[in-house]
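J.: Below is protein-v7.cif; it holds mmCIF, C-alpha atoms.
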data_input
loop_
_atom_site.label_atom_id
_atom_site.label_comp_id
_atom_site.auth_asym_id
_atom_site.auth_seq_id
_atom_site.Cartn_x
_atom_site.Cartn_y
_atom_site.Cartn_z
CA ASP A 26 0.00 0.00 0.00
CA LYS A 27 1.42 3.39 -1.00
CA SER A 28 0.55 7.02 -0.36
CA THR A 29 2.10 10.23 -1.70
CA ASP A 30 2.41 13.65 -0.12
CA MET A 31 4.21 16.28 -2.20
CA THR A 32 4.55 19.98 -1.42
CA ARG A 33 6.06 22.61 -3.74
CA HIS A 34 7.02 26.18 -2.92
CA VAL A 35 8.33 28.92 -5.22
CA SER A 36 9.68 32.28 -4.03
CA THR A 37 10.95 35.02 -6.37
CA VAL A 38 12.67 38.39 -5.88
CA ARG A 39 13.47 40.70 -8.82
CA LEU A 40 15.13 44.12 -9.15
CA THR A 41 15.35 46.08 -12.43
CA PHE A 42 17.21 49.26 -13.42
CA THR A 43 16.78 51.02 -16.78
CA GLU A 44 18.82 53.90 -18.17
CA PRO A 45 18.26 55.64 -21.56
CA VAL A 46 21.44 55.90 -23.65
CA THR A 47 20.04 57.88 -26.59
CA ARG A 48 16.57 58.81 -27.80
CA ARG A 49 16.33 55.42 -29.52
CA SER A 50 18.26 53.10 -27.21
CA LEU A 51 18.46 52.14 -23.57
CA LEU A 52 20.35 49.82 -21.26
CA SER A 53 18.79 47.78 -18.49
CA ALA A 54 20.11 45.57 -15.73
CA ALA A 55 18.16 43.11 -13.63
CA TYR A 56 18.83 40.82 -10.71
CA GLY A 57 16.53 37.95 -9.87
CA SER A 58 16.54 35.24 -7.24
CA THR A 59 14.19 32.27 -7.27
CA ILE A 60 13.88 29.34 -4.87
CA TYR A 61 12.10 26.11 -5.87
CA TYR A 62 11.48 23.85 -2.90
CA THR A 63 9.89 20.40 -3.07
CA ASP A 64 9.05 18.16 -0.11
CA ASN A 65 8.25 14.62 -1.24
CA ASP A 66 6.96 11.88 1.09
CA ASN A 67 6.20 8.46 -0.46
CA PRO A 68 5.73 5.93 2.34
CA THR A 69 5.09 2.29 1.45
CA TYR A 70 3.29 -0.06 3.83
CA VAL A 71 3.71 -3.84 3.76
CA LEU A 72 1.07 -6.31 4.94
CA ASN A 73 2.13 -8.81 7.60
CA ASN A 74 0.48 -12.07 6.64
CA LYS A 75 0.48 -13.30 10.26
CA THR A 76 -0.95 -10.25 12.03
CA LEU A 77 -2.80 -8.90 8.95
CA GLU A 78 -1.51 -5.46 9.85
CA TYR A 79 0.34 -2.93 7.71
CA SER A 80 3.72 -1.61 8.77
CA LYS A 81 5.90 1.00 7.13
CA SER A 82 8.80 -0.37 5.09
CA ASP A 83 11.92 1.79 5.31
CA LYS A 84 13.45 -0.10 2.38
CA LEU A 85 10.54 0.57 0.01
CA SER A 86 9.61 4.07 1.21
CA SER A 87 11.00 7.30 -0.18
CA ILE A 88 11.24 10.58 1.77
CA ASN A 89 13.24 13.51 0.43
CA ASN A 90 13.27 17.26 -0.06
CA THR A 91 14.89 19.34 -2.77
CA ALA A 92 15.81 23.01 -3.12
CA PHE A 93 16.98 24.84 -6.28
CA LEU A 94 18.26 28.38 -5.73
CA HIS A 95 18.70 30.48 -8.90
CA ASN A 96 20.58 33.77 -8.90
CA ARG A 97 20.48 35.68 -12.21
CA LEU A 98 22.22 38.86 -13.29
CA THR A 99 20.99 40.17 -16.65
CA GLY A 100 22.09 42.98 -18.94
CA ARG A 101 20.04 44.13 -21.97
CA TYR A 102 20.44 46.64 -24.78
CA SER A 103 17.34 47.81 -26.67
CA TYR A 104 17.16 49.88 -29.85
CA THR A 105 14.04 51.31 -31.50
CA LEU A 106 13.71 53.18 -34.79
CA LYS A 107 10.16 53.55 -36.15
CA GLN A 108 9.01 49.93 -36.60
CA THR A 109 12.48 48.47 -36.12
CA THR A 110 13.14 47.05 -32.65
CA LEU A 111 16.15 45.11 -31.41
CA THR A 112 16.88 43.68 -27.96
CA ILE A 113 20.07 41.83 -27.06
CA GLY A 114 20.58 40.38 -23.61
CA ALA A 115 22.92 38.14 -21.66
CA THR A 116 22.33 36.50 -18.28
CA TRP A 117 24.79 34.96 -15.86
CA GLN A 118 23.01 32.31 -13.83
CA HIS A 119 24.20 30.49 -10.74
CA THR A 120 22.18 27.49 -9.55
CA LEU A 121 22.61 25.85 -6.16
CA PHE A 122 21.06 22.42 -5.67
CA ASP A 123 20.54 20.97 -2.21
CA GLY A 124 18.88 17.57 -1.87
CA ARG A 125 18.31 15.64 1.33
CA MET A 126 16.97 12.08 1.46
CA THR A 127 15.78 10.35 4.62
CA LEU A 128 14.52 7.07 3.15
CA PRO A 129 15.39 4.51 1.86
CA SER A 130 18.74 5.78 3.18
CA VAL A 131 20.19 9.01 4.52
CA ASN A 132 21.90 11.00 1.80
CA THR A 133 22.77 14.65 1.12
CA THR A 134 23.72 16.06 -2.30
CA THR A 135 24.92 19.62 -2.94
CA LYS A 136 25.76 20.91 -6.42
CA ASN A 137 26.69 24.28 -7.95
CA PHE A 138 26.05 25.11 -11.61
CA HIS A 139 27.01 28.18 -13.68
CA HIS A 140 25.47 29.12 -17.04
CA LEU A 141 25.62 32.01 -19.48
CA LEU A 142 22.22 32.54 -21.13
CA TYR A 143 21.40 34.70 -24.14
CA GLN A 144 18.40 36.48 -25.64
CA LEU A 145 17.81 38.10 -29.04
CA THR A 146 14.53 39.69 -30.10
CA ALA A 147 14.20 41.66 -33.33
CA ASN A 148 11.45 43.11 -35.50
CA LEU A 149 12.94 44.06 -38.89
CA PRO A 150 10.65 45.71 -41.45
CA ILE A 151 11.70 45.21 -45.07
CA ASN A 152 9.15 47.72 -46.35
CA SER A 153 5.62 48.84 -45.47
CA LYS A 154 4.19 45.41 -46.27
CA ASN A 155 6.91 42.94 -45.28
CA GLN A 156 8.73 42.33 -42.04
CA ILE A 157 10.81 39.67 -40.30
CA ARG A 158 10.62 38.77 -36.63
CA ILE A 159 13.34 36.86 -34.76
CA ASP A 160 13.14 35.47 -31.24
CA SER A 161 16.05 33.42 -29.91
CA LYS A 162 16.99 32.51 -26.35
CA GLY A 163 18.87 30.07 -24.18
CA THR A 164 17.34 28.58 -21.03
CA THR A 165 18.08 25.78 -18.59
CA SER A 166 16.01 22.90 -17.26
CA ASN A 167 16.75 21.41 -13.85
CA PRO A 168 17.06 17.70 -13.11
CA SER A 169 14.78 16.35 -10.40
CA ASN A 170 16.09 15.17 -7.05
CA THR A 171 15.69 11.50 -8.07
CA MET A 172 17.76 12.20 -11.20
CA ILE A 173 20.69 13.78 -9.39
CA GLN A 174 20.89 11.62 -6.25
CA ASP A 175 22.51 8.17 -6.51
CA VAL A 176 20.29 6.59 -3.83
CA VAL A 177 18.64 3.43 -5.17
CA ASN A 178 14.83 3.74 -5.12
CA MET A 179 13.23 0.32 -4.58
CA SER A 180 9.67 1.54 -3.90
CA ASN A 181 8.63 -0.25 -7.11
CA SER A 182 10.24 -3.70 -7.22
CA SER A 183 9.57 -4.04 -10.96
CA ASN A 184 11.20 -0.68 -11.73
CA ILE A 185 14.23 -0.05 -9.52
CA ARG A 186 15.75 3.35 -10.18
CA ALA A 187 18.90 5.28 -9.29
CA GLY A 188 20.00 8.78 -10.15
CA ASN A 189 23.23 10.06 -11.67
CA PRO A 190 25.28 12.34 -9.37
CA ASP A 191 27.21 13.66 -12.41
CA ILE A 192 24.10 15.00 -14.15
CA VAL A 193 23.94 18.71 -14.94
CA PRO A 194 21.04 20.99 -15.97
CA ALA A 195 19.99 20.71 -19.61
CA TYR A 196 20.77 23.76 -21.76
CA LEU A 197 17.91 24.56 -24.17
CA HIS A 198 18.21 26.60 -27.37
CA GLU A 199 14.99 28.03 -28.86
CA THR A 200 14.77 30.10 -32.05
CA ASP A 201 11.69 31.32 -33.94
CA ILE A 202 11.92 33.20 -37.27
CA SER A 203 8.77 34.59 -38.91
CA TYR A 204 8.13 36.35 -42.21
CA ILE A 205 4.94 38.44 -42.26
CA ARG A 206 3.39 40.14 -45.29
CA THR A 207 0.43 42.43 -44.68
CA ASP A 208 -1.73 44.00 -47.38
CA ARG A 209 -4.00 46.55 -45.72
CA LYS A 210 -5.96 47.31 -48.89
CA SER A 211 -7.09 43.72 -49.37
CA GLY A 212 -7.09 42.96 -45.65
CA THR A 213 -4.88 39.86 -46.04
CA THR A 214 -1.90 38.65 -44.03
CA LEU A 215 0.58 35.97 -45.00
CA SER A 216 2.80 34.49 -42.30
CA LEU A 217 5.58 31.91 -42.67
CA SER A 218 7.56 30.73 -39.67
CA ALA A 219 10.35 28.31 -38.80
CA SER A 220 11.26 27.09 -35.31
CA PHE A 221 14.30 25.34 -33.88
CA THR A 222 14.63 23.71 -30.47
CA GLY A 223 17.78 21.97 -29.35
CA SER A 224 19.24 20.75 -26.10
CA SER A 225 22.72 19.95 -24.85
CA ASN A 226 23.12 17.70 -21.81
CA TYR A 227 19.56 16.51 -22.38
CA PHE A 228 17.99 14.12 -19.87
CA CYS A 229 17.51 10.47 -20.74
CA ASP A 230 17.20 7.09 -19.02
CA SER A 231 19.39 4.03 -19.32
CA LEU A 232 17.10 1.00 -19.04
CA VAL A 233 18.41 -2.48 -18.21
CA ILE A 234 16.02 -5.43 -18.37
CA ASN A 235 16.51 -8.86 -16.72
CA ASN A 236 20.20 -8.48 -15.95
CA PRO A 237 20.82 -9.57 -12.33
CA ASP A 238 24.57 -8.79 -12.53
CA PHE A 239 24.05 -5.15 -13.53
CA GLU A 240 25.33 -2.71 -10.92
CA VAL A 241 22.85 0.11 -10.30
CA MET A 242 25.62 1.81 -8.33
CA GLU A 243 28.91 0.61 -6.92
CA GLY A 244 28.30 -2.47 -4.79
CA VAL A 245 24.53 -2.59 -5.48
CA LYS A 246 23.35 -5.10 -8.10
#
Mind turning this structure into structure tokens?
T.:
Amino acid sequence: DKSTDMTRHVSTVRLTFTEPVTRRSLLSAAYGSTIYYTDNDNPTYVLNNKTLEYSKSDKLSSINNTAFLHNRLTGRYSYTLKQTTLTIGATWQHTLFDGRMTLPSVNTTTKNFHHLLYQLTANLPINSKNQIRIDSKGTTSNPSNTMIQDVVNMSNSSNIRAGNPDIVPAYLHETDISYIRTDRKSGTTLSLSASFTGSSNYFCDSLVINNPDFEVMEGVK
């Protein structure tokens, strides 16, 4: 018998400063701090065939909590001329991961990650009827606590899992390019777009089936 109790908390602080450089351009700086906290309690109860009573199994239960702390420092330059707009930005991001597991064993994992993110947004008119829009950015995706901790999770005997302590956040690249033609006299709009999404250090699973000699982690088969 299993039950699940999961609690998530998100706290965010953000400061922004903007300074005009010329009539058409400005610089901005921003600092942001975000905390993602997850408390996960998955107790498993085993039936005693003699007493017909359930008791909590420390081997099959899973209790852990996870905290991701993001600190971001961003700088942006924006330029505007009639219908032409251009924004270029760069973000330095520091991520602190702290994971604590109580069951099935006591384990603490602390990691620090550093990333340089980018952003490009542009609206480029070719003439009064045609324009091109570009939106490109880099973001990160965090691994879960079960991904990053090497504690073996045996709560499901048919699907035993273990994390990878060497895993790092996935870096995502997203780019959208659109061509828009607008004819106001006829009231028609033609839009063509292309999108690209790529990821480095993407998350995946390594699945082993019916191999009793496979080591989930050192010393654990």
J.: Tell me which protein, DNA and RNA residues are within 12 Å of Arg209 of chain A, counting all atoms listed in the file, leaving out same-chain ones fewer than 6 positions away, and put them as a list in words.
T.: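 The contact residues come out as Ser153, Lys154, Asn155 and Leu215 of chain A.
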J.: If you measure from atom CA of Phe228 of chain A to atom CA of Arg39 of chain A, what distance in Å do you get, rounded to one decimal?
T.: 29.1 Å
J.: Mind dumping a table of every segment 166-226 of chain A residue within 12 Å of segment 40-64 of chain A, with the nearest atom pair and its distance in Å to one decimal, using all atoms listed in the file, sorted by chain and rising number, as a tab-separated table?
T.:
residue	atom	partner	partner_atom	distance
A:Asn167	CA	A:Tyr61	CA	10.4
A:Ser169	CA	A:Thr63	CA	9.7
A:Asn170	CA	A:Thr63	CA	9.0
A:Thr171	CA	A:Thr63	CA	11.7
J.: Quick one: residues within 9 Å of Gln156 of chain A, all atoms listed in the file counted, chain neighbours fewer than 6 positions away excluded, as a PDB file with C-alpha atoms, in the frame of the given file?
T.:
ATOM      1  CA  ASN A 148      11.450  43.110 -35.500  1.00  0.00           C
ATOM      2  CA  LEU A 149      12.940  44.060 -38.890  1.00  0.00           C
ATOM      3  CA  PRO A 150      10.650  45.710 -41.450  1.00  0.00           C
ATOM      4  CA  SER A 203       8.770  34.590 -38.910  1.00  0.00           C
ATOM      5  CA  TYR A 204       8.130  36.350 -42.210  1.00  0.00           C
ATOM      6  CA  ILE A 205       4.940  38.440 -42.260  1.00  0.00           C
ATOM      7  CA  ARG A 206       3.390  40.140 -45.290  1.00  0.00           C
ATOM      8  CA  THR A 207       0.430  42.430 -44.680  1.00  0.00           C
TER       9      THR A 207
END
J.: Name the residues captured by the PyMOL selection byres ((chain A and resi 110) around 6) when it is applied to the shown file; answer as an MDAnalysis selection string.
T.: chainID A and resid 104:105 109 111 147:148
J.: Which polymer residues have any atom within 6 Å of an atom of segment 113-116 of chain A, counting all atoms listed in the file, with same-chain residues fewer than 3 positions away left out, as a PyMOL selection string?
T.: chain A and resi 98-102+141-145
J.: Would you list the contacts of Ile192 of chain A as number ranges by chain, taking every protein, DNA or RNA residue within 9 Å and counting only C-alpha atoms, but skipping same-chain residues closer than 4 positions in sequence?
T.: A: 168, 172-173, 188, 226, 228
J.: Between atom CA of Ser36 of chain A and atom CA of Leu94 of chain A, what is the spacing in Å?
T.: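 Taking atom CA of Leu94 of chain A as the start and atom CA of Ser36 of chain A as the end point, the length is 9.6 Å.
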J.: Which residue out of A:Leu128, A:Pro194, A:Ile185, A:Lys107 has the minimum interatomic distance to Phe239 of chain A when all atoms listed in the file are used?
T.: A:Ile185
J.: At the level of all heavy atoms, write segment 192-205 of chain A to a file as a PDB file, in the first residue's frame, please.
T.:
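Below you can see decode38.pdb, which holds the result:
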ATOM      1  N   ILE A 192      25.012  14.325 -13.225  1.00  0.00           N
ATOM      2  CA  ILE A 192      24.097  15.000 -14.151  1.00  0.00           C
ATOM      3  C   ILE A 192      24.168  16.514 -13.940  1.00  0.00           C
ATOM      4  O   ILE A 192      24.462  16.990 -12.843  1.00  0.00           O
ATOM      5  CB  ILE A 192      22.649  14.483 -13.944  1.00  0.00           C
ATOM      6  CG1 ILE A 192      21.797  14.740 -15.179  1.00  0.00           C
ATOM      7  CG2 ILE A 192      22.010  15.118 -12.721  1.00  0.00           C
ATOM      8  CD1 ILE A 192      20.437  14.056 -15.109  1.00  0.00           C
ATOM      9  N   VAL A 193      23.946  17.252 -14.998  1.00  0.00           N
ATOM     10  CA  VAL A 193      23.945  18.713 -14.943  1.00  0.00           C
ATOM     11  C   VAL A 193      22.654  19.215 -15.593  1.00  0.00           C
ATOM     12  O   VAL A 193      21.997  18.475 -16.334  1.00  0.00           O
ATOM     13  CB  VAL A 193      25.169  19.318 -15.670  1.00  0.00           C
ATOM     14  CG1 VAL A 193      26.458  18.885 -14.998  1.00  0.00           C
ATOM     15  CG2 VAL A 193      25.171  18.931 -17.141  1.00  0.00           C
ATOM     16  N   PRO A 194      22.247  20.459 -15.329  1.00  0.00           N
ATOM     17  CA  PRO A 194      21.042  20.986 -15.971  1.00  0.00           C
ATOM     18  C   PRO A 194      21.150  20.951 -17.489  1.00  0.00           C
ATOM     19  O   PRO A 194      22.232  21.135 -18.058  1.00  0.00           O
ATOM     20  CB  PRO A 194      20.963  22.423 -15.449  1.00  0.00           C
ATOM     21  CG  PRO A 194      21.669  22.390 -14.138  1.00  0.00           C
ATOM     22  CD  PRO A 194      22.783  21.414 -14.328  1.00  0.00           C
ATOM     23  N   ALA A 195      20.028  20.696 -18.146  1.00  0.00           N
ATOM     24  CA  ALA A 195      19.988  20.712 -19.610  1.00  0.00           C
ATOM     25  C   ALA A 195      19.969  22.155 -20.099  1.00  0.00           C
ATOM     26  O   ALA A 195      19.300  23.015 -19.521  1.00  0.00           O
ATOM     27  CB  ALA A 195      18.757  19.969 -20.110  1.00  0.00           C
ATOM     28  N   TYR A 196      20.731  22.425 -21.163  1.00  0.00           N
ATOM     29  CA  TYR A 196      20.771  23.759 -21.758  1.00  0.00           C
ATOM     30  C   TYR A 196      19.919  23.723 -23.026  1.00  0.00           C
ATOM     31  O   TYR A 196      20.186  22.954 -23.946  1.00  0.00           O
ATOM     32  CB  TYR A 196      22.211  24.148 -22.106  1.00  0.00           C
ATOM     33  CG  TYR A 196      22.408  25.626 -22.322  1.00  0.00           C
ATOM     34  CD1 TYR A 196      23.097  26.396 -21.395  1.00  0.00           C
ATOM     35  CD2 TYR A 196      21.910  26.268 -23.452  1.00  0.00           C
ATOM     36  CE1 TYR A 196      23.300  27.759 -21.585  1.00  0.00           C
ATOM     37  CE2 TYR A 196      22.095  27.621 -23.655  1.00  0.00           C
ATOM     38  CZ  TYR A 196      22.787  28.367 -22.723  1.00  0.00           C
ATOM     39  OH  TYR A 196      22.959  29.709 -22.912  1.00  0.00           O
ATOM     40  N   LEU A 197      18.876  24.564 -23.068  1.00  0.00           N
ATOM     41  CA  LEU A 197      17.914  24.556 -24.165  1.00  0.00           C
ATOM     42  C   LEU A 197      18.135  25.768 -25.066  1.00  0.00           C
ATOM     43  O   LEU A 197      18.310  26.895 -24.587  1.00  0.00           O
ATOM     44  CB  LEU A 197      16.478  24.568 -23.624  1.00  0.00           C
ATOM     45  CG  LEU A 197      16.143  23.503 -22.580  1.00  0.00           C
ATOM     46  CD1 LEU A 197      14.713  23.681 -22.089  1.00  0.00           C
ATOM     47  CD2 LEU A 197      16.338  22.110 -23.140  1.00  0.00           C
ATOM     48  N   HIS A 198      18.118  25.530 -26.373  1.00  0.00           N
ATOM     49  CA  HIS A 198      18.206  26.603 -27.373  1.00  0.00           C
ATOM     50  C   HIS A 198      16.871  26.673 -28.125  1.00  0.00           C
ATOM     51  O   HIS A 198      16.401  25.657 -28.650  1.00  0.00           O
ATOM     52  CB  HIS A 198      19.331  26.340 -28.375  1.00  0.00           C
ATOM     53  CG  HIS A 198      20.661  26.125 -27.729  1.00  0.00           C
ATOM     54  ND1 HIS A 198      21.530  27.154 -27.450  1.00  0.00           N
ATOM     55  CD2 HIS A 198      21.272  24.988 -27.303  1.00  0.00           C
ATOM     56  CE1 HIS A 198      22.621  26.677 -26.889  1.00  0.00           C
ATOM     57  NE2 HIS A 198      22.500  25.362 -26.783  1.00  0.00           N
ATOM     58  N   GLU A 199      16.263  27.848 -28.169  1.00  0.00           N
ATOM     59  CA  GLU A 199      14.987  28.030 -28.856  1.00  0.00           C
ATOM     60  C   GLU A 199      15.079  29.236 -29.789  1.00  0.00           C
ATOM     61  O   GLU A 199      15.453  30.326 -29.352  1.00  0.00           O
ATOM     62  CB  GLU A 199      13.851  28.233 -27.849  1.00  0.00           C
ATOM     63  CG  GLU A 199      13.674  27.076 -26.871  1.00  0.00           C
ATOM     64  CD  GLU A 199      12.593  27.352 -25.845  1.00  0.00           C
ATOM     65  OE1 GLU A 199      11.952  28.428 -25.930  1.00  0.00           O
ATOM     66  OE2 GLU A 199      12.401  26.512 -24.950  1.00  0.00           O
ATOM     67  N   THR A 200      14.732  29.026 -31.069  1.00  0.00           N
ATOM     68  CA  THR A 200      14.765  30.097 -32.053  1.00  0.00           C
ATOM     69  C   THR A 200      13.513  30.043 -32.921  1.00  0.00           C
ATOM     70  O   THR A 200      13.158  28.976 -33.423  1.00  0.00           O
ATOM     71  CB  THR A 200      16.014  29.998 -32.953  1.00  0.00           C
ATOM     72  OG1 THR A 200      17.186  30.082 -32.143  1.00  0.00           O
ATOM     73  CG2 THR A 200      16.032  31.114 -33.988  1.00  0.00           C
ATOM     74  N   ASP A 201      12.859  31.184 -33.074  1.00  0.00           N
ATOM     75  CA  ASP A 201      11.695  31.322 -33.943  1.00  0.00           C
ATOM     76  C   ASP A 201      11.965  32.461 -34.929  1.00  0.00           C
ATOM     77  O   ASP A 201      12.328  33.570 -34.514  1.00  0.00           O
ATOM     78  CB  ASP A 201      10.418  31.625 -33.154  1.00  0.00           C
ATOM     79  CG  ASP A 201      10.011  30.469 -32.264  1.00  0.00           C
ATOM     80  OD1 ASP A 201       9.937  29.344 -32.771  1.00  0.00           O
ATOM     81  OD2 ASP A 201       9.773  30.703 -31.065  1.00  0.00           O
ATOM     82  N   ILE A 202      11.770  32.190 -36.223  1.00  0.00           N
ATOM     83  CA  ILE A 202      11.916  33.204 -37.270  1.00  0.00           C
ATOM     84  C   ILE A 202      10.620  33.254 -38.073  1.00  0.00           C
ATOM     85  O   ILE A 202      10.156  32.208 -38.548  1.00  0.00           O
ATOM     86  CB  ILE A 202      13.105  32.895 -38.197  1.00  0.00           C
ATOM     87  CG1 ILE A 202      14.402  32.838 -37.386  1.00  0.00           C
ATOM     88  CG2 ILE A 202      13.223  33.949 -39.292  1.00  0.00           C
ATOM     89  CD1 ILE A 202      15.614  32.465 -38.209  1.00  0.00           C
ATOM     90  N   SER A 203      10.054  34.438 -38.204  1.00  0.00           N
ATOM     91  CA  SER A 203       8.774  34.590 -38.914  1.00  0.00           C
ATOM     92  C   SER A 203       8.897  35.654 -39.998  1.00  0.00           C
ATOM     93  O   SER A 203       9.538  36.702 -39.791  1.00  0.00           O
ATOM     94  CB  SER A 203       7.652  34.979 -37.936  1.00  0.00           C
ATOM     95  OG  SER A 203       7.488  33.989 -36.939  1.00  0.00           O
ATOM     96  N   TYR A 204       8.278  35.366 -41.136  1.00  0.00           N
ATOM     97  CA  TYR A 204       8.127  36.348 -42.213  1.00  0.00           C
ATOM     98  C   TYR A 204       6.647  36.693 -42.312  1.00  0.00           C
ATOM     99  O   TYR A 204       5.784  35.803 -42.403  1.00  0.00           O
ATOM    100  CB  TYR A 204       8.624  35.788 -43.544  1.00  0.00           C
ATOM    101  CG  TYR A 204       8.145  36.581 -44.748  1.00  0.00           C
ATOM    102  CD1 TYR A 204       8.704  37.815 -45.060  1.00  0.00           C
ATOM    103  CD2 TYR A 204       7.119  36.080 -45.551  1.00  0.00           C
ATOM    104  CE1 TYR A 204       8.251  38.539 -46.151  1.00  0.00           C
ATOM    105  CE2 TYR A 204       6.658  36.799 -46.643  1.00  0.00           C
ATOM    106  CZ  TYR A 204       7.229  38.024 -46.939  1.00  0.00           C
ATOM    107  OH  TYR A 204       6.769  38.743 -48.013  1.00  0.00           O
ATOM    108  N   ILE A 205       6.330  37.989 -42.267  1.00  0.00           N
ATOM    109  CA  ILE A 205       4.936  38.441 -42.264  1.00  0.00           C
ATOM    110  C   ILE A 205       4.744  39.460 -43.390  1.00  0.00           C
ATOM    111  O   ILE A 205       5.490  40.444 -43.495  1.00  0.00           O
ATOM    112  CB  ILE A 205       4.552  39.076 -40.910  1.00  0.00           C
ATOM    113  CG1 ILE A 205       4.782  38.068 -39.774  1.00  0.00           C
ATOM    114  CG2 ILE A 205       3.097  39.545 -40.928  1.00  0.00           C
ATOM    115  CD1 ILE A 205       4.590  38.665 -38.403  1.00  0.00           C
TER     116      ILE A 205
END
